[in-house]
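Visitor: Sharing start_36.cif below, mmCIF, C-alpha atoms:
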```
data_final
#
loop_
_atom_site.label_atom_id
_atom_site.label_comp_id
_atom_site.auth_asym_id
_atom_site.auth_seq_id
_atom_site.Cartn_x
_atom_site.Cartn_y
_atom_site.Cartn_z
CA MET A 27 66.63 -74.03 -20.89
CA LYS A 28 64.98 -73.12 -24.11
CA ARG A 29 66.47 -75.70 -26.45
CA LYS A 30 66.85 -79.44 -26.50
CA SER A 31 70.61 -79.07 -26.94
CA ASP A 32 70.80 -77.11 -23.64
CA LEU A 33 68.95 -79.90 -21.84
CA VAL A 34 71.13 -82.57 -23.42
CA ALA A 35 74.32 -80.74 -22.42
CA ALA A 36 73.11 -80.17 -18.84
CA LEU A 37 72.10 -83.81 -18.38
CA ALA A 38 75.35 -85.07 -19.90
CA ASP A 39 77.37 -82.85 -17.54
CA LYS A 40 75.31 -83.85 -14.50
CA THR A 41 75.31 -87.61 -15.16
CA GLY A 42 78.56 -88.23 -17.04
CA ILE A 43 76.63 -89.96 -19.83
CA SER A 44 77.50 -89.07 -23.43
CA LYS A 45 75.43 -86.43 -25.17
CA THR A 46 74.43 -88.97 -27.83
CA ASP A 47 73.02 -91.34 -25.21
CA VAL A 48 71.24 -88.52 -23.39
CA ALA A 49 69.68 -87.32 -26.66
CA SER A 50 68.44 -90.87 -27.36
CA VAL A 51 66.78 -91.03 -23.95
CA ILE A 52 65.13 -87.63 -24.41
CA ASP A 53 63.86 -88.68 -27.85
CA ALA A 54 62.37 -91.88 -26.42
CA LEU A 55 60.64 -90.21 -23.46
CA PRO A 56 57.54 -88.89 -25.29
CA GLU A 57 56.92 -92.28 -26.88
CA ILE A 58 57.13 -93.97 -23.49
CA VAL A 59 54.81 -91.43 -21.83
CA VAL A 60 52.22 -91.76 -24.63
CA GLY A 61 52.41 -95.55 -24.43
CA GLY A 62 51.94 -95.40 -20.67
CA LEU A 63 48.94 -93.10 -21.03
CA LYS A 64 47.33 -95.40 -23.59
CA ASP A 65 47.86 -98.49 -21.42
CA GLU A 66 47.42 -97.26 -17.87
CA GLU A 67 45.86 -93.80 -18.19
CA GLU A 68 48.60 -92.40 -15.91
CA CYS A 69 52.35 -91.86 -16.22
CA ILE A 70 54.43 -90.64 -13.27
CA LEU A 71 57.74 -88.82 -13.73
CA PRO A 72 59.36 -88.93 -10.28
CA GLY A 73 60.37 -85.51 -9.03
CA LEU A 74 58.31 -83.72 -11.69
CA GLY A 75 54.71 -84.82 -11.68
CA LYS A 76 52.07 -86.98 -13.24
CA PHE A 77 50.42 -87.12 -16.67
CA LYS A 78 46.96 -88.61 -16.84
CA ILE A 79 44.06 -88.81 -19.25
CA GLY A 80 41.03 -86.61 -18.67
CA HIS A 81 37.66 -86.84 -20.40
CA ARG A 82 35.70 -83.93 -21.78
CA SER A 83 32.01 -84.64 -22.41
CA GLU A 84 30.13 -83.66 -25.55
CA ARG A 85 28.77 -80.15 -25.26
CA VAL A 86 27.01 -77.44 -27.22
CA GLY A 87 28.95 -74.38 -28.31
CA ARG A 88 28.31 -71.45 -30.59
CA ASN A 89 29.98 -70.46 -33.83
CA PRO A 90 31.26 -66.94 -33.02
CA GLN A 91 30.77 -65.71 -36.59
CA THR A 92 27.20 -66.88 -37.16
CA GLY A 93 25.88 -67.52 -33.64
CA ASP A 94 24.67 -70.99 -34.71
CA LYS A 95 24.73 -73.79 -32.16
CA VAL A 96 27.44 -76.38 -32.80
CA THR A 97 27.87 -79.75 -31.11
CA ILE A 98 31.43 -80.17 -29.86
CA PRO A 99 32.23 -83.89 -29.68
CA ALA A 100 33.50 -85.66 -26.57
CA GLN A 101 37.26 -86.09 -26.45
CA ASN A 102 40.13 -87.23 -24.27
CA THR A 103 42.56 -84.64 -22.94
CA ILE A 104 45.94 -84.87 -21.26
CA LYS A 105 46.36 -83.38 -17.80
CA PHE A 106 49.62 -82.73 -15.97
CA ALA A 107 49.75 -82.35 -12.20
CA ALA A 108 53.01 -81.03 -10.81
CA GLY A 109 54.51 -83.11 -8.00
CA LYS A 110 55.04 -81.80 -4.49
CA SER A 111 58.81 -81.47 -4.85
CA LEU A 112 58.43 -79.44 -8.07
CA LYS A 113 55.83 -77.17 -6.47
CA ASP A 114 57.95 -76.67 -3.36
CA SER A 115 61.06 -75.82 -5.39
CA ILE A 116 59.26 -72.98 -7.18
CA LYS A 117 58.03 -71.22 -4.02
#
```
Just give me the structure as structure tokens.
Guide:
Amino acid sequence: MKRKSDLVAALADKTGISKTDVASVIDALPEIVVGGLKDEEECILPGLGKFKIGHRSERVGRNPQTGDKVTIPAQNTIKFAAGKSLKDSIK
């Protein structure tokens, strides 16, 4: 599935829920995942995997054009770990 409309149609066919309702759920999912990450630092999607917050420390890098040292600030990252059932289904 390359488009949102393909996913909406597939879910509507599989569940019997209207396409409008399915689209509303899909639109709300990112907001819910982000909210879960901000509150709990982990968000599990059963059958798919787990999103969690990672931390990258401050480090020194180099500007590739000038070769000067540059301090890269610390930042939070988002990590996704595929669940066992997803991994097993791809084998």
Visitor: From the list A:Gly61, A:Gly73, A:Gly80, A:Gly87, which residue is nearest Lys113 in chain A when using all atoms listed in the file?
Guide: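 The shortest atom-to-atom distance to Lys113 in chain A comes from A:Gly73.
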Visitor: Quick one: of A:Ala49, A:Ile79, A:Ile98, A:Leu71, who's nearest to Leu112 in chain A, counting all atoms listed in the file?
Guide: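 Under the stated criterion, the closest residue is A:Leu71.
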Visitor: When you count only C-alpha atoms, which of these residues is closest to Thr103 in chain A: A:Ser31, A:Thr46, A:Gln91, A:Ser83?
Guide: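 The closest residue to Thr103 in chain A is A:Ser83.
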Visitor: So which one's closest to Arg85 in chain A, A:Glu57, A:Gly62, A:Pro99, A:Pro72? Using only C-alpha atoms, please.
Guide: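 Residue with the minimum atom-to-atom distance to Arg85 in chain A: A:Pro99.
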Visitor: Suppose you want the space between CA of Glu67 in chain A and CA of Ser50 in chain A; what is it in Å?
Guide: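 These atoms are spaced 24.5 Å apart.
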Visitor: Determine the residue set returned by the PyMOL selection byres ((chain A and resi 108) around 8) for the present structure, and present it as an NGL selection string.
Guide: :A and (74-76 or 106-107 or 109-110 or 112-113)
Visitor: Can I get the selected residues back with C-alpha atoms, as a PDB file, in the coordinates of the input?
Guide:
```pdb
ATOM      1  CA  LEU A  74      58.310 -83.720 -11.690  1.00  0.00           C
ATOM      2  CA  GLY A  75      54.710 -84.820 -11.680  1.00  0.00           C
ATOM      3  CA  LYS A  76      52.070 -86.980 -13.240  1.00  0.00           C
ATOM      4  CA  PHE A 106      49.620 -82.730 -15.970  1.00  0.00           C
ATOM      5  CA  ALA A 107      49.750 -82.350 -12.200  1.00  0.00           C
ATOM      6  CA  GLY A 109      54.510 -83.110  -8.000  1.00  0.00           C
ATOM      7  CA  LYS A 110      55.040 -81.800  -4.490  1.00  0.00           C
ATOM      8  CA  LEU A 112      58.430 -79.440  -8.070  1.00  0.00           C
ATOM      9  CA  LYS A 113      55.830 -77.170  -6.470  1.00  0.00           C
TER      10      LYS A 113
END
```
Visitor: Could you work out an axis-aligned box for range 34-43 of chain A, taking every atom the file lists and adding 5 Å on each side, and report centre and edge lengths in Å to one decimal, as AutoDock Vina command-line options?
Guide:
```
--center_x 74.8 --center_y -85.1 --center_z -19.0 --size_x 17.4 --size_y 19.8 --size_z 18.9
```
Visitor: Considering only C-alpha atoms, return as a CSV table (one decimal) with C-alpha atoms, in the coordinates of the input whatever protein or nucleic-acid residues lie within 10 Å of Ala36 in chain A, sequence-local ones (same chain, fewer than 5 positions apart) excluded.
Guide:
```csv
chain,number,residue,atom,x,y,z
A,27,MET,CA,66.6,-74.0,-20.9
A,30,LYS,CA,66.8,-79.4,-26.5
A,31,SER,CA,70.6,-79.1,-26.9
A,41,THR,CA,75.3,-87.6,-15.2
A,42,GLY,CA,78.6,-88.2,-17.0
A,45,LYS,CA,75.4,-86.4,-25.2
A,48,VAL,CA,71.2,-88.5,-23.4
```
Visitor: Using only C-alpha atoms, which of A:Ala35, A:Ile116, A:Pro90, A:Lys105 sits nearest Ile70 in chain A?
Guide: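 Smallest distance to Ile70 in chain A is found for A:Lys105.
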Visitor: Calculate how many Å separate CA of Gln101 in chain A from CA of His81 in chain A, rounding to one decimal.
Guide: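 Pair CA of Gln101 in chain A / CA of His81 in chain A returns 6.1 Å.
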Visitor: To one decimal place in Å, what is the distance between CA of Lys117 in chain A and CA of Ile52 in chain A?
Guide: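 Separating CA of Lys117 in chain A from CA of Ile52 in chain A is a distance of 27.1 Å.
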Visitor: Just checking: using only C-alpha atoms, which residue out of A:Ile104, A:Leu37, A:Ser115, A:Arg82 ends up closest to Glu68 in chain A?
Guide: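 Among the listed residues, the smallest separation from Glu68 in chain A belongs to A:Ile104.
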Visitor: Can you fill out range 43-78 of chain A with N, CA and C atoms and hand it back as a PDB file, in the coordinates of the input?
Guide:
```pdb
ATOM      1  N   ILE A  43      77.039 -89.154 -18.675  1.00  0.00           N
ATOM      2  CA  ILE A  43      76.630 -89.960 -19.830  1.00  0.00           C
ATOM      3  C   ILE A  43      76.905 -89.135 -21.086  1.00  0.00           C
ATOM      4  N   SER A  44      77.210 -89.801 -22.189  1.00  0.00           N
ATOM      5  CA  SER A  44      77.500 -89.070 -23.430  1.00  0.00           C
ATOM      6  C   SER A  44      76.271 -88.315 -23.917  1.00  0.00           C
ATOM      7  N   LYS A  45      76.523 -87.236 -24.639  1.00  0.00           N
ATOM      8  CA  LYS A  45      75.430 -86.430 -25.170  1.00  0.00           C
ATOM      9  C   LYS A  45      74.563 -87.228 -26.141  1.00  0.00           C
ATOM     10  N   THR A  46      75.171 -88.127 -26.888  1.00  0.00           N
ATOM     11  CA  THR A  46      74.430 -88.970 -27.830  1.00  0.00           C
ATOM     12  C   THR A  46      73.441 -89.867 -27.087  1.00  0.00           C
ATOM     13  N   ASP A  47      73.897 -90.469 -25.998  1.00  0.00           N
ATOM     14  CA  ASP A  47      73.020 -91.340 -25.210  1.00  0.00           C
ATOM     15  C   ASP A  47      71.907 -90.540 -24.547  1.00  0.00           C
ATOM     16  N   VAL A  48      72.246 -89.374 -24.027  1.00  0.00           N
ATOM     17  CA  VAL A  48      71.240 -88.520 -23.390  1.00  0.00           C
ATOM     18  C   VAL A  48      70.189 -88.113 -24.415  1.00  0.00           C
ATOM     19  N   ALA A  49      70.614 -87.716 -25.615  1.00  0.00           N
ATOM     20  CA  ALA A  49      69.680 -87.320 -26.660  1.00  0.00           C
ATOM     21  C   ALA A  49      68.750 -88.473 -27.030  1.00  0.00           C
ATOM     22  N   SER A  50      69.265 -89.687 -27.053  1.00  0.00           N
ATOM     23  CA  SER A  50      68.440 -90.870 -27.360  1.00  0.00           C
ATOM     24  C   SER A  50      67.370 -91.070 -26.295  1.00  0.00           C
ATOM     25  N   VAL A  51      67.745 -90.879 -25.049  1.00  0.00           N
ATOM     26  CA  VAL A  51      66.780 -91.030 -23.950  1.00  0.00           C
ATOM     27  C   VAL A  51      65.708 -89.956 -24.050  1.00  0.00           C
ATOM     28  N   ILE A  52      66.102 -88.723 -24.298  1.00  0.00           N
ATOM     29  CA  ILE A  52      65.130 -87.630 -24.410  1.00  0.00           C
ATOM     30  C   ILE A  52      64.187 -87.870 -25.584  1.00  0.00           C
ATOM     31  N   ASP A  53      64.703 -88.387 -26.690  1.00  0.00           N
ATOM     32  CA  ASP A  53      63.860 -88.680 -27.850  1.00  0.00           C
ATOM     33  C   ASP A  53      62.872 -89.797 -27.560  1.00  0.00           C
ATOM     34  N   ALA A  54      63.240 -90.749 -26.724  1.00  0.00           N
ATOM     35  CA  ALA A  54      62.370 -91.880 -26.420  1.00  0.00           C
ATOM     36  C   ALA A  54      61.307 -91.549 -25.368  1.00  0.00           C
ATOM     37  N   LEU A  55      61.544 -90.532 -24.565  1.00  0.00           N
ATOM     38  CA  LEU A  55      60.640 -90.210 -23.460  1.00  0.00           C
ATOM     39  C   LEU A  55      59.204 -89.940 -23.893  1.00  0.00           C
ATOM     40  N   PRO A  56      58.949 -89.108 -24.906  1.00  0.00           N
ATOM     41  CA  PRO A  56      57.540 -88.890 -25.290  1.00  0.00           C
ATOM     42  C   PRO A  56      56.831 -90.167 -25.727  1.00  0.00           C
ATOM     43  N   GLU A  57      57.524 -91.025 -26.441  1.00  0.00           N
ATOM     44  CA  GLU A  57      56.920 -92.280 -26.880  1.00  0.00           C
ATOM     45  C   GLU A  57      56.542 -93.150 -25.685  1.00  0.00           C
ATOM     46  N   ILE A  58      57.398 -93.179 -24.688  1.00  0.00           N
ATOM     47  CA  ILE A  58      57.130 -93.970 -23.490  1.00  0.00           C
ATOM     48  C   ILE A  58      55.963 -93.394 -22.699  1.00  0.00           C
ATOM     49  N   VAL A  59      55.912 -92.072 -22.565  1.00  0.00           N
ATOM     50  CA  VAL A  59      54.810 -91.430 -21.830  1.00  0.00           C
ATOM     51  C   VAL A  59      53.488 -91.678 -22.544  1.00  0.00           C
ATOM     52  N   VAL A  60      53.454 -91.518 -23.861  1.00  0.00           N
ATOM     53  CA  VAL A  60      52.220 -91.760 -24.630  1.00  0.00           C
ATOM     54  C   VAL A  60      51.791 -93.218 -24.491  1.00  0.00           C
ATOM     55  N   GLY A  61      52.738 -94.136 -24.595  1.00  0.00           N
ATOM     56  CA  GLY A  61      52.410 -95.550 -24.430  1.00  0.00           C
ATOM     57  C   GLY A  61      51.851 -95.841 -23.049  1.00  0.00           C
ATOM     58  N   GLY A  62      52.436 -95.218 -22.030  1.00  0.00           N
ATOM     59  CA  GLY A  62      51.940 -95.400 -20.670  1.00  0.00           C
ATOM     60  C   GLY A  62      50.540 -94.833 -20.501  1.00  0.00           C
ATOM     61  N   LEU A  63      50.277 -93.694 -21.125  1.00  0.00           N
ATOM     62  CA  LEU A  63      48.940 -93.100 -21.030  1.00  0.00           C
ATOM     63  C   LEU A  63      47.909 -93.977 -21.723  1.00  0.00           C
ATOM     64  N   LYS A  64      48.269 -94.541 -22.863  1.00  0.00           N
ATOM     65  CA  LYS A  64      47.330 -95.400 -23.590  1.00  0.00           C
ATOM     66  C   LYS A  64      47.037 -96.675 -22.809  1.00  0.00           C
ATOM     67  N   ASP A  65      48.041 -97.225 -22.135  1.00  0.00           N
ATOM     68  CA  ASP A  65      47.860 -98.490 -21.420  1.00  0.00           C
ATOM     69  C   ASP A  65      47.260 -98.314 -20.031  1.00  0.00           C
ATOM     70  N   GLU A  66      47.779 -97.359 -19.280  1.00  0.00           N
ATOM     71  CA  GLU A  66      47.420 -97.260 -17.870  1.00  0.00           C
ATOM     72  C   GLU A  66      46.644 -96.014 -17.504  1.00  0.00           C
ATOM     73  N   GLU A  67      46.517 -95.078 -18.411  1.00  0.00           N
ATOM     74  CA  GLU A  67      45.860 -93.800 -18.190  1.00  0.00           C
ATOM     75  C   GLU A  67      46.572 -92.924 -17.169  1.00  0.00           C
ATOM     76  N   GLU A  68      47.816 -93.244 -16.826  1.00  0.00           N
ATOM     77  CA  GLU A  68      48.600 -92.400 -15.910  1.00  0.00           C
ATOM     78  C   GLU A  68      50.077 -92.706 -16.086  1.00  0.00           C
ATOM     79  N   CYS A  69      50.906 -91.674 -16.077  1.00  0.00           N
ATOM     80  CA  CYS A  69      52.350 -91.860 -16.220  1.00  0.00           C
ATOM     81  C   CYS A  69      53.034 -90.895 -15.249  1.00  0.00           C
ATOM     82  N   ILE A  70      53.787 -91.438 -14.304  1.00  0.00           N
ATOM     83  CA  ILE A  70      54.430 -90.640 -13.270  1.00  0.00           C
ATOM     84  C   ILE A  70      55.894 -90.421 -13.627  1.00  0.00           C
ATOM     85  N   LEU A  71      56.335 -89.178 -13.570  1.00  0.00           N
ATOM     86  CA  LEU A  71      57.740 -88.820 -13.730  1.00  0.00           C
ATOM     87  C   LEU A  71      58.230 -88.376 -12.356  1.00  0.00           C
ATOM     88  N   PRO A  72      58.939 -89.246 -11.638  1.00  0.00           N
ATOM     89  CA  PRO A  72      59.360 -88.930 -10.280  1.00  0.00           C
ATOM     90  C   PRO A  72      60.105 -87.601 -10.205  1.00  0.00           C
ATOM     91  N   GLY A  73      59.733 -86.799  -9.229  1.00  0.00           N
ATOM     92  CA  GLY A  73      60.370 -85.510  -9.030  1.00  0.00           C
ATOM     93  C   GLY A  73      59.747 -84.386  -9.849  1.00  0.00           C
ATOM     94  N   LEU A  74      58.949 -84.736 -10.860  1.00  0.00           N
ATOM     95  CA  LEU A  74      58.310 -83.720 -11.690  1.00  0.00           C
ATOM     96  C   LEU A  74      56.801 -83.689 -11.512  1.00  0.00           C
ATOM     97  N   GLY A  75      56.156 -84.794 -11.788  1.00  0.00           N
ATOM     98  CA  GLY A  75      54.710 -84.820 -11.680  1.00  0.00           C
ATOM     99  C   GLY A  75      54.114 -86.008 -12.374  1.00  0.00           C
ATOM    100  N   LYS A  76      52.821 -85.858 -12.722  1.00  0.00           N
ATOM    101  CA  LYS A  76      52.070 -86.980 -13.240  1.00  0.00           C
ATOM    102  C   LYS A  76      51.233 -86.535 -14.440  1.00  0.00           C
ATOM    103  N   PHE A  77      51.301 -87.310 -15.522  1.00  0.00           N
ATOM    104  CA  PHE A  77      50.420 -87.120 -16.670  1.00  0.00           C
ATOM    105  C   PHE A  77      49.276 -88.110 -16.527  1.00  0.00           C
ATOM    106  N   LYS A  78      48.068 -87.674 -16.820  1.00  0.00           N
ATOM    107  CA  LYS A  78      46.960 -88.610 -16.840  1.00  0.00           C
ATOM    108  C   LYS A  78      45.939 -88.163 -17.875  1.00  0.00           C
TER     109      LYS A  78
END
```
